[in-house]
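The block underneath contains the structure these notes are about, expressed in structure tokens.
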Amino acid sequence: MAENVIIIGSGPAGLTAALYTARANLHPLVIEGYQPGGQLTTTTEVENYPGFENGIQGPELMAIFRRQAERFGARYLTTDVTSVDLSHPPFTVTTAEETLHCQALIIATGARARLLGLESERRLMGHGVSTCATCDGFFFRDKRVAVVGGGDSALEEALFLTRYADRVTVIHRRDALRASKIMQERALANPKIKFVWDSVVEDIRDPEQGKVTGLVLRNVKTKETSRMDADGVFVAIGHDPNTAFLAGQVELDAKGYIVCRGDTSRTSVEGVFAAGDVMDPVYKQAITAAGSGCRAAIDCDHYLASIRTTERLP
């Protein structure tokens with residue numbers, strides 16, 4: 001028997017979609033992945049999500065999301081999706097363990113920040129290393145921070161951080177920025193922003209202290225290494241949406257994000273909806289992801305009502 005709706009992903013978008021579809025009596029099945037909770041599970045203090053005046057730990061927030069949806073009947077599978085067949089309804093969703101079918105599908109698989117690949121980066125993520133200035137910039141008031149990257153995203157992060165940090169150093173592996181001219185002009189004109197050219201981050205200090213104390217840099221031209229003091233590092237070298245498993249089943253943009261129709265969550269396939277960072281290359285916030293999860297759930301409910309094939313599961 002086909003499920004009414006399967007939701008792939010268990011971050012703010014997926015779990016909000018689960019909450020709304022569960023309350024609509026659609027009995028959603030959430031495929032939450034082997035690492036449930038999305039990017040917020042790698043975040044420590046979350047202070048910009050409404051309703052928590054003193055902040056909340058990222059994993060705790062996602063646990064609350066999960067329990068709330070479960071209270072209204074959402075069900076969960078802890079596995080990863082390997083492929084889908086969206087050629088006709090009921091749609092086929094294949095995991096490592098089984099093949100499932102559904103009348104409607106909500107894709108909320110998010111996007112992952114590109115990282116430097118350093119062991120120290122992994123150990124200090126959420127403890128001075130971040131991929132989101134909007135999320136974490138407040139914690140670096142009057143501190144020294146570094147931003148790694150040279151595109152628009154890196155300069156946007158750097159400019160935002162000047163509201164809080166005492167000094168912002170942009171580290172770029174080339175001798176010229178890739179960002180748009182207007183972003184370059186703004187960053188170069190800001191007295192708080194300095195640049196280190198032709199350099200890459202070799203290491204982040206100091207995992208043993210449980211916090212960022214500085215960076216080890218290598219000049220790609222001279223091969224010389226140097227040290228730089230810093231209290232925080234923001235990695236801004238891009239994001240990759242988690243859409244590889246779709247294999248061309250829905251329309252994607254040039255960067256791999258799912259394309260939605262107008263102001264809706266509807267994709268190029270009728271009955272398939274998208275929410276959260278997997279379709280949002282701009283905002284990438286927990287609150288916007290949650291909002292889009294709500295939108296996807298409502299669109300999905302209207303779709304299932306319109307085709308009059310919704311099967312009420314026990």
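Each chain in the structure tokens gets a letter, A, B, ..., in the order shown, and its residues are numbered from 1; ligands are numbered from 1 in order too.
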What are the closest atom pairs, with distances in Å to one decimal, for all residues of segment 148-191 of chain A lying within 10 Å of segment 214-222 of chain A? Consider only C-alpha atoms, order rows by chain and residue number, and present the result as a Markdown table.
```
| residue | atom | partner | partner_atom | distance |
| --- | --- | --- | --- | --- |
| A:Ile171 | CA | A:Leu217 | CA | 8.9 |
| A:His172 | CA | A:Asn219 | CA | 10.0 |
| A:Arg173 | CA | A:Val220 | CA | 7.1 |
| A:Arg174 | CA | A:Val220 | CA | 8.4 |
```
Near Ala297 of chain A, counting only C-alpha atoms, which residues have an atom at most 9 Å away, once you skip same-chain residues fewer than 3 positions from it, shown as a PyMOL selection string?
-> chain A and resi 16-21+24+106+265+273+292-294+300-302
Pick out the residues sitting within 9 Å of Gly137 of chain A, and hand them over as a PyMOL selection string; count only C-alpha atoms, and ignore anything fewer than 6 positions along from it in its own chain.
-> chain A and resi 157+160-165
Would you list the contacts of Gln249 of chain A as number ranges by chain, taking every protein, DNA or RNA residue within 10 Å and counting only C-alpha atoms, but skipping same-chain residues closer than 2 positions in sequence?
-> A: 83-87, 243, 245-247, 251-252, 268-269
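Atom CA of Ala275 of chain A lies 6.6 Å from atom CA of Ala289 of chain A.
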Contact table segment 129-211 of chain A vs segment 234-239 of chain A, cut-off 9 Å, shortest pair per residue, only C-alpha atoms, as JSON lines:
```
{"residue": "A:Val129", "atom": "CA", "partner": "A:Phe234", "partner_atom": "CA", "distance": 6.0}
{"residue": "A:Ser130", "atom": "CA", "partner": "A:Phe234", "partner_atom": "CA", "distance": 4.9}
{"residue": "A:Thr131", "atom": "CA", "partner": "A:Val235", "partner_atom": "CA", "distance": 5.1}
{"residue": "A:Cys132", "atom": "CA", "partner": "A:Phe234", "partner_atom": "CA", "distance": 6.9}
{"residue": "A:Ala133", "atom": "CA", "partner": "A:Phe234", "partner_atom": "CA", "distance": 7.0}
{"residue": "A:Val145", "atom": "CA", "partner": "A:Phe234", "partner_atom": "CA", "distance": 7.5}
{"residue": "A:Ala146", "atom": "CA", "partner": "A:Phe234", "partner_atom": "CA", "distance": 6.1}
{"residue": "A:Val147", "atom": "CA", "partner": "A:Phe234", "partner_atom": "CA", "distance": 4.7}
{"residue": "A:Val148", "atom": "CA", "partner": "A:Val235", "partner_atom": "CA", "distance": 5.0}
{"residue": "A:Gly149", "atom": "CA", "partner": "A:Ile237", "partner_atom": "CA", "distance": 5.1}
{"residue": "A:Gly150", "atom": "CA", "partner": "A:Ile237", "partner_atom": "CA", "distance": 7.6}
{"residue": "A:Gly151", "atom": "CA", "partner": "A:Ile237", "partner_atom": "CA", "distance": 7.5}
{"residue": "A:Ser153", "atom": "CA", "partner": "A:Ala236", "partner_atom": "CA", "distance": 6.1}
{"residue": "A:Ala154", "atom": "CA", "partner": "A:Ala236", "partner_atom": "CA", "distance": 4.9}
{"residue": "A:Leu155", "atom": "CA", "partner": "A:Ala236", "partner_atom": "CA", "distance": 8.6}
{"residue": "A:Glu157", "atom": "CA", "partner": "A:Ala236", "partner_atom": "CA", "distance": 7.5}
{"residue": "A:Ala158", "atom": "CA", "partner": "A:Phe234", "partner_atom": "CA", "distance": 8.7}
```
Include all heavy atoms and write out the residues we just selected as a compact mmCIF listing (two decimals), in the first residue's frame.
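Output file selection_36.txt is given in full below:
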```txt
# COMPACT_ATOMS: atom_id res chain seq x y z
N VAL A 129 34.49 27.42 15.00
CA VAL A 129 34.41 27.23 13.55
C VAL A 129 32.94 27.21 13.16
O VAL A 129 32.13 26.53 13.80
CB VAL A 129 35.09 25.93 13.10
CG1 VAL A 129 34.88 25.71 11.60
CG2 VAL A 129 36.58 25.96 13.42
N SER A 130 32.59 27.97 12.12
CA SER A 130 31.19 28.09 11.71
C SER A 130 31.10 28.21 10.19
O SER A 130 32.08 28.54 9.52
CB SER A 130 30.56 29.34 12.36
OG SER A 130 29.25 29.56 11.87
N THR A 131 29.92 27.92 9.68
CA THR A 131 29.66 28.14 8.26
C THR A 131 28.52 29.14 8.07
O THR A 131 28.01 29.27 6.97
CB THR A 131 29.28 26.81 7.57
OG1 THR A 131 28.13 26.25 8.22
CG2 THR A 131 30.43 25.81 7.63
N CYS A 132 28.17 29.88 9.13
CA CYS A 132 27.03 30.79 9.04
C CYS A 132 27.23 32.00 9.95
O CYS A 132 27.05 31.91 11.17
CB CYS A 132 25.74 30.06 9.42
SG CYS A 132 24.27 31.11 9.39
N ALA A 133 27.59 33.14 9.34
CA ALA A 133 27.79 34.36 10.12
C ALA A 133 26.48 34.86 10.71
O ALA A 133 26.45 35.37 11.85
CB ALA A 133 28.42 35.44 9.24
N VAL A 145 38.18 37.55 13.85
CA VAL A 145 37.68 36.39 13.12
C VAL A 145 38.27 36.36 11.72
O VAL A 145 38.70 37.39 11.17
CB VAL A 145 36.14 36.39 13.03
CG1 VAL A 145 35.52 36.36 14.41
CG2 VAL A 145 35.62 37.58 12.24
N ALA A 146 38.28 35.16 11.15
CA ALA A 146 38.74 34.96 9.78
C ALA A 146 37.60 34.41 8.95
O ALA A 146 36.77 33.63 9.45
CB ALA A 146 39.93 34.00 9.74
N VAL A 147 37.55 34.81 7.69
CA VAL A 147 36.59 34.27 6.74
C VAL A 147 37.39 33.65 5.60
O VAL A 147 38.26 34.30 5.01
CB VAL A 147 35.65 35.36 6.19
CG1 VAL A 147 34.75 34.78 5.10
CG2 VAL A 147 34.82 35.96 7.31
N VAL A 148 37.11 32.39 5.29
CA VAL A 148 37.83 31.69 4.23
C VAL A 148 36.96 31.66 2.98
O VAL A 148 35.84 31.15 3.00
CB VAL A 148 38.18 30.25 4.65
CG1 VAL A 148 39.00 29.57 3.56
CG2 VAL A 148 38.94 30.26 5.97
N GLY A 149 37.46 32.24 1.89
CA GLY A 149 36.72 32.26 0.63
C GLY A 149 36.95 33.56 -0.11
O GLY A 149 37.52 34.51 0.45
N GLY A 150 36.47 33.61 -1.35
CA GLY A 150 36.69 34.81 -2.14
C GLY A 150 35.52 35.19 -3.03
O GLY A 150 35.64 36.08 -3.87
N GLY A 151 34.38 34.53 -2.83
CA GLY A 151 33.20 34.84 -3.62
C GLY A 151 32.24 35.76 -2.90
O GLY A 151 32.55 36.30 -1.82
N SER A 153 29.56 35.02 -1.29
CA SER A 153 29.17 34.51 0.03
C SER A 153 30.20 34.88 1.08
O SER A 153 29.85 35.28 2.20
CB SER A 153 29.01 32.99 -0.02
OG SER A 153 27.93 32.63 -0.85
N ALA A 154 31.48 34.76 0.75
CA ALA A 154 32.54 35.08 1.71
C ALA A 154 32.50 36.55 2.08
O ALA A 154 32.64 36.91 3.26
CB ALA A 154 33.89 34.70 1.13
N LEU A 155 32.32 37.42 1.10
CA LEU A 155 32.31 38.85 1.39
C LEU A 155 31.04 39.26 2.13
O LEU A 155 31.07 40.17 2.97
CB LEU A 155 32.48 39.65 0.11
CG LEU A 155 33.82 39.44 -0.63
CD1 LEU A 155 34.01 40.50 -1.70
CD2 LEU A 155 34.99 39.46 0.35
N GLU A 157 29.55 37.34 4.28
CA GLU A 157 29.84 36.93 5.65
C GLU A 157 30.76 37.94 6.33
O GLU A 157 30.54 38.33 7.48
CB GLU A 157 30.52 35.55 5.64
CG GLU A 157 29.67 34.43 5.08
CD GLU A 157 28.73 33.82 6.09
OE1 GLU A 157 29.15 32.95 6.86
OE2 GLU A 157 27.55 34.24 6.11
N ALA A 158 31.80 38.35 5.62
CA ALA A 158 32.77 39.29 6.20
C ALA A 158 32.11 40.61 6.55
O ALA A 158 32.33 41.16 7.64
CB ALA A 158 33.92 39.52 5.22
```
Which residues in segment 150-278 of chain A does DSSP call alpha helix (DSSP H)? List them as a list in words.
->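 Output for segment 150-278 of chain A, alpha helix (DSSP H) only: Asp152, Ser153, Ala154, Leu155, Glu156, Glu157, Ala158, Leu159, Phe160, Leu161, Lys181, Ile182, Met183, Gln184, Glu185, Arg186, Ala187, Leu188 and Ala189 of chain A.
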Using all heavy atoms, can you export the residues from the last selection as a tab-separated table (two decimals), in the first residue's frame?
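Output contents, as saved in part-v2.tsv:
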```tsv
chain	number	residue	atom	x	y	z
A	152	ASP	N	31.07	35.94	-3.48
A	152	ASP	CA	30.06	36.81	-2.87
A	152	ASP	C	29.70	36.35	-1.46
A	152	ASP	O	29.53	37.16	-0.55
A	152	ASP	CB	28.81	36.85	-3.74
A	152	ASP	CG	28.93	37.83	-4.89
A	152	ASP	OD1	29.90	38.61	-4.91
A	152	ASP	OD2	28.06	37.82	-5.77
A	153	SER	N	29.56	35.02	-1.29
A	153	SER	CA	29.17	34.51	0.03
A	153	SER	C	30.20	34.88	1.08
A	153	SER	O	29.85	35.28	2.20
A	153	SER	CB	29.01	32.99	-0.02
A	153	SER	OG	27.93	32.63	-0.85
A	154	ALA	N	31.48	34.76	0.75
A	154	ALA	CA	32.54	35.08	1.71
A	154	ALA	C	32.50	36.55	2.08
A	154	ALA	O	32.64	36.91	3.26
A	154	ALA	CB	33.89	34.70	1.13
A	155	LEU	N	32.32	37.42	1.10
A	155	LEU	CA	32.31	38.85	1.39
A	155	LEU	C	31.04	39.26	2.13
A	155	LEU	O	31.07	40.17	2.97
A	155	LEU	CB	32.48	39.65	0.11
A	155	LEU	CG	33.82	39.44	-0.63
A	155	LEU	CD1	34.01	40.50	-1.70
A	155	LEU	CD2	34.99	39.46	0.35
A	156	GLU	N	29.93	38.61	1.82
A	156	GLU	CA	28.71	38.87	2.58
A	156	GLU	C	28.91	38.49	4.05
A	156	GLU	O	28.49	39.23	4.96
A	156	GLU	CB	27.54	38.08	2.00
A	156	GLU	CG	27.03	38.63	0.67
A	156	GLU	CD	26.01	37.70	0.03
A	156	GLU	OE1	25.64	36.70	0.67
A	156	GLU	OE2	25.60	37.97	-1.11
A	157	GLU	N	29.55	37.34	4.28
A	157	GLU	CA	29.84	36.93	5.65
A	157	GLU	C	30.76	37.94	6.33
A	157	GLU	O	30.54	38.33	7.48
A	157	GLU	CB	30.52	35.55	5.64
A	157	GLU	CG	29.67	34.43	5.08
A	157	GLU	CD	28.73	33.82	6.09
A	157	GLU	OE1	29.15	32.95	6.86
A	157	GLU	OE2	27.55	34.24	6.11
A	158	ALA	N	31.80	38.35	5.62
A	158	ALA	CA	32.77	39.29	6.20
A	158	ALA	C	32.11	40.61	6.55
A	158	ALA	O	32.33	41.16	7.64
A	158	ALA	CB	33.92	39.52	5.22
A	159	LEU	N	31.31	41.14	5.65
A	159	LEU	CA	30.64	42.42	5.90
A	159	LEU	C	29.67	42.30	7.08
A	159	LEU	O	29.58	43.21	7.91
A	159	LEU	CB	29.91	42.89	4.65
A	159	LEU	CG	30.83	43.40	3.53
A	159	LEU	CD1	30.09	43.45	2.19
A	159	LEU	CD2	31.38	44.78	3.88
A	160	PHE	N	28.95	41.20	7.15
A	160	PHE	CA	28.04	41.00	8.27
A	160	PHE	C	28.80	40.94	9.59
A	160	PHE	O	28.39	41.52	10.61
A	160	PHE	CB	27.23	39.71	8.08
A	160	PHE	CG	26.23	39.44	9.16
A	160	PHE	CD1	24.97	40.01	9.11
A	160	PHE	CD2	26.57	38.66	10.25
A	160	PHE	CE1	24.04	39.78	10.13
A	160	PHE	CE2	25.66	38.42	11.28
A	160	PHE	CZ	24.39	38.98	11.21
A	161	LEU	N	29.94	40.26	9.58
A	161	LEU	CA	30.71	40.09	10.82
A	161	LEU	C	31.30	41.40	11.33
A	161	LEU	O	31.61	41.51	12.53
A	161	LEU	CB	31.82	39.06	10.58
A	161	LEU	CG	31.35	37.62	10.46
A	161	LEU	CD1	32.45	36.73	9.90
A	161	LEU	CD2	30.88	37.10	11.82
A	181	LYS	N	31.68	42.88	-8.45
A	181	LYS	CA	32.40	44.14	-8.27
A	181	LYS	C	31.85	44.96	-7.10
A	181	LYS	O	32.61	45.53	-6.31
A	181	LYS	CB	32.35	44.97	-9.55
A	181	LYS	CG	33.17	44.39	-10.70
A	181	LYS	CD	34.66	44.34	-10.35
A	181	LYS	CE	35.49	43.83	-11.52
A	181	LYS	NZ	36.93	43.69	-11.16
A	182	ILE	N	30.54	45.00	-6.98
A	182	ILE	CA	29.96	45.82	-5.92
A	182	ILE	C	30.31	45.25	-4.54
A	182	ILE	O	30.58	45.99	-3.59
A	182	ILE	CB	28.43	45.97	-6.09
A	182	ILE	CG1	27.90	47.00	-5.09
A	182	ILE	CG2	27.72	44.63	-5.94
A	182	ILE	CD1	26.48	47.44	-5.37
A	183	MET	N	30.33	43.91	-4.43
A	183	MET	CA	30.70	43.30	-3.16
A	183	MET	C	32.18	43.55	-2.86
A	183	MET	O	32.56	43.80	-1.71
A	183	MET	CB	30.41	41.81	-3.19
A	183	MET	CG	28.93	41.46	-3.22
A	183	MET	SD	28.03	42.10	-1.79
A	183	MET	CE	28.81	41.20	-0.46
A	184	GLN	N	33.00	43.49	-3.89
A	184	GLN	CA	34.42	43.77	-3.70
A	184	GLN	C	34.64	45.20	-3.20
A	184	GLN	O	35.42	45.46	-2.28
A	184	GLN	CB	35.18	43.56	-5.00
A	184	GLN	CG	35.27	42.11	-5.45
A	184	GLN	CD	36.24	41.93	-6.60
A	184	GLN	OE1	37.32	42.51	-6.61
A	184	GLN	NE2	35.86	41.10	-7.57
A	185	GLU	N	33.94	46.13	-3.84
A	185	GLU	CA	34.10	47.54	-3.46
A	185	GLU	C	33.70	47.77	-2.01
A	185	GLU	O	34.38	48.49	-1.26
A	185	GLU	CB	33.25	48.42	-4.39
A	185	GLU	CG	33.78	48.47	-5.82
A	185	GLU	CD	32.81	49.14	-6.77
A	185	GLU	OE1	31.71	49.55	-6.32
A	185	GLU	OE2	33.13	49.25	-7.97
A	186	ARG	N	32.61	47.15	-1.59
A	186	ARG	CA	32.15	47.32	-0.21
A	186	ARG	C	33.15	46.74	0.78
A	186	ARG	O	33.46	47.36	1.81
A	186	ARG	CB	30.79	46.65	-0.03
A	186	ARG	CG	29.65	47.35	-0.73
A	186	ARG	CD	28.37	46.54	-0.61
A	186	ARG	NE	27.27	47.18	-1.33
A	186	ARG	CZ	26.08	46.61	-1.52
A	186	ARG	NH1	25.85	45.39	-1.06
A	186	ARG	NH2	25.14	47.26	-2.18
A	187	ALA	N	33.66	45.55	0.47
A	187	ALA	CA	34.58	44.90	1.39
A	187	ALA	C	35.92	45.62	1.45
A	187	ALA	O	36.49	45.84	2.53
A	187	ALA	CB	34.78	43.45	0.97
A	188	LEU	N	36.43	46.01	0.29
A	188	LEU	CA	37.73	46.69	0.24
A	188	LEU	C	37.69	48.05	0.92
A	188	LEU	O	38.69	48.55	1.42
A	188	LEU	CB	38.20	46.82	-1.20
A	188	LEU	CG	38.59	45.50	-1.89
A	188	LEU	CD1	38.71	45.69	-3.39
A	188	LEU	CD2	39.89	44.96	-1.31
A	189	ALA	N	36.51	48.66	0.93
A	189	ALA	CA	36.36	49.98	1.54
A	189	ALA	C	36.12	49.93	3.04
A	189	ALA	O	36.17	50.96	3.72
A	189	ALA	CB	35.23	50.75	0.86
```
Which residue, A:Gly126, A:Pro28, A:Pro241, A:Gly117, has the smallest gap to Glu202 of chain A when you use only C-alpha atoms?
->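 That would be A:Gly117, the residue with the smallest distance to Glu202 of chain A.
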Using only C-alpha atoms, pick whichever of A:Ser10, A:Asn25, A:Thr169, A:Pro50 has the shortest atom-to-atom distance to Ile287 of chain A.
-> A:Pro50
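Compared by their closest atoms to Pro12 of chain A, and using only C-alpha atoms, the residues A:Gly276, A:Gly33, A:Gly256, A:Pro207 rank with A:Gly276 nearest.
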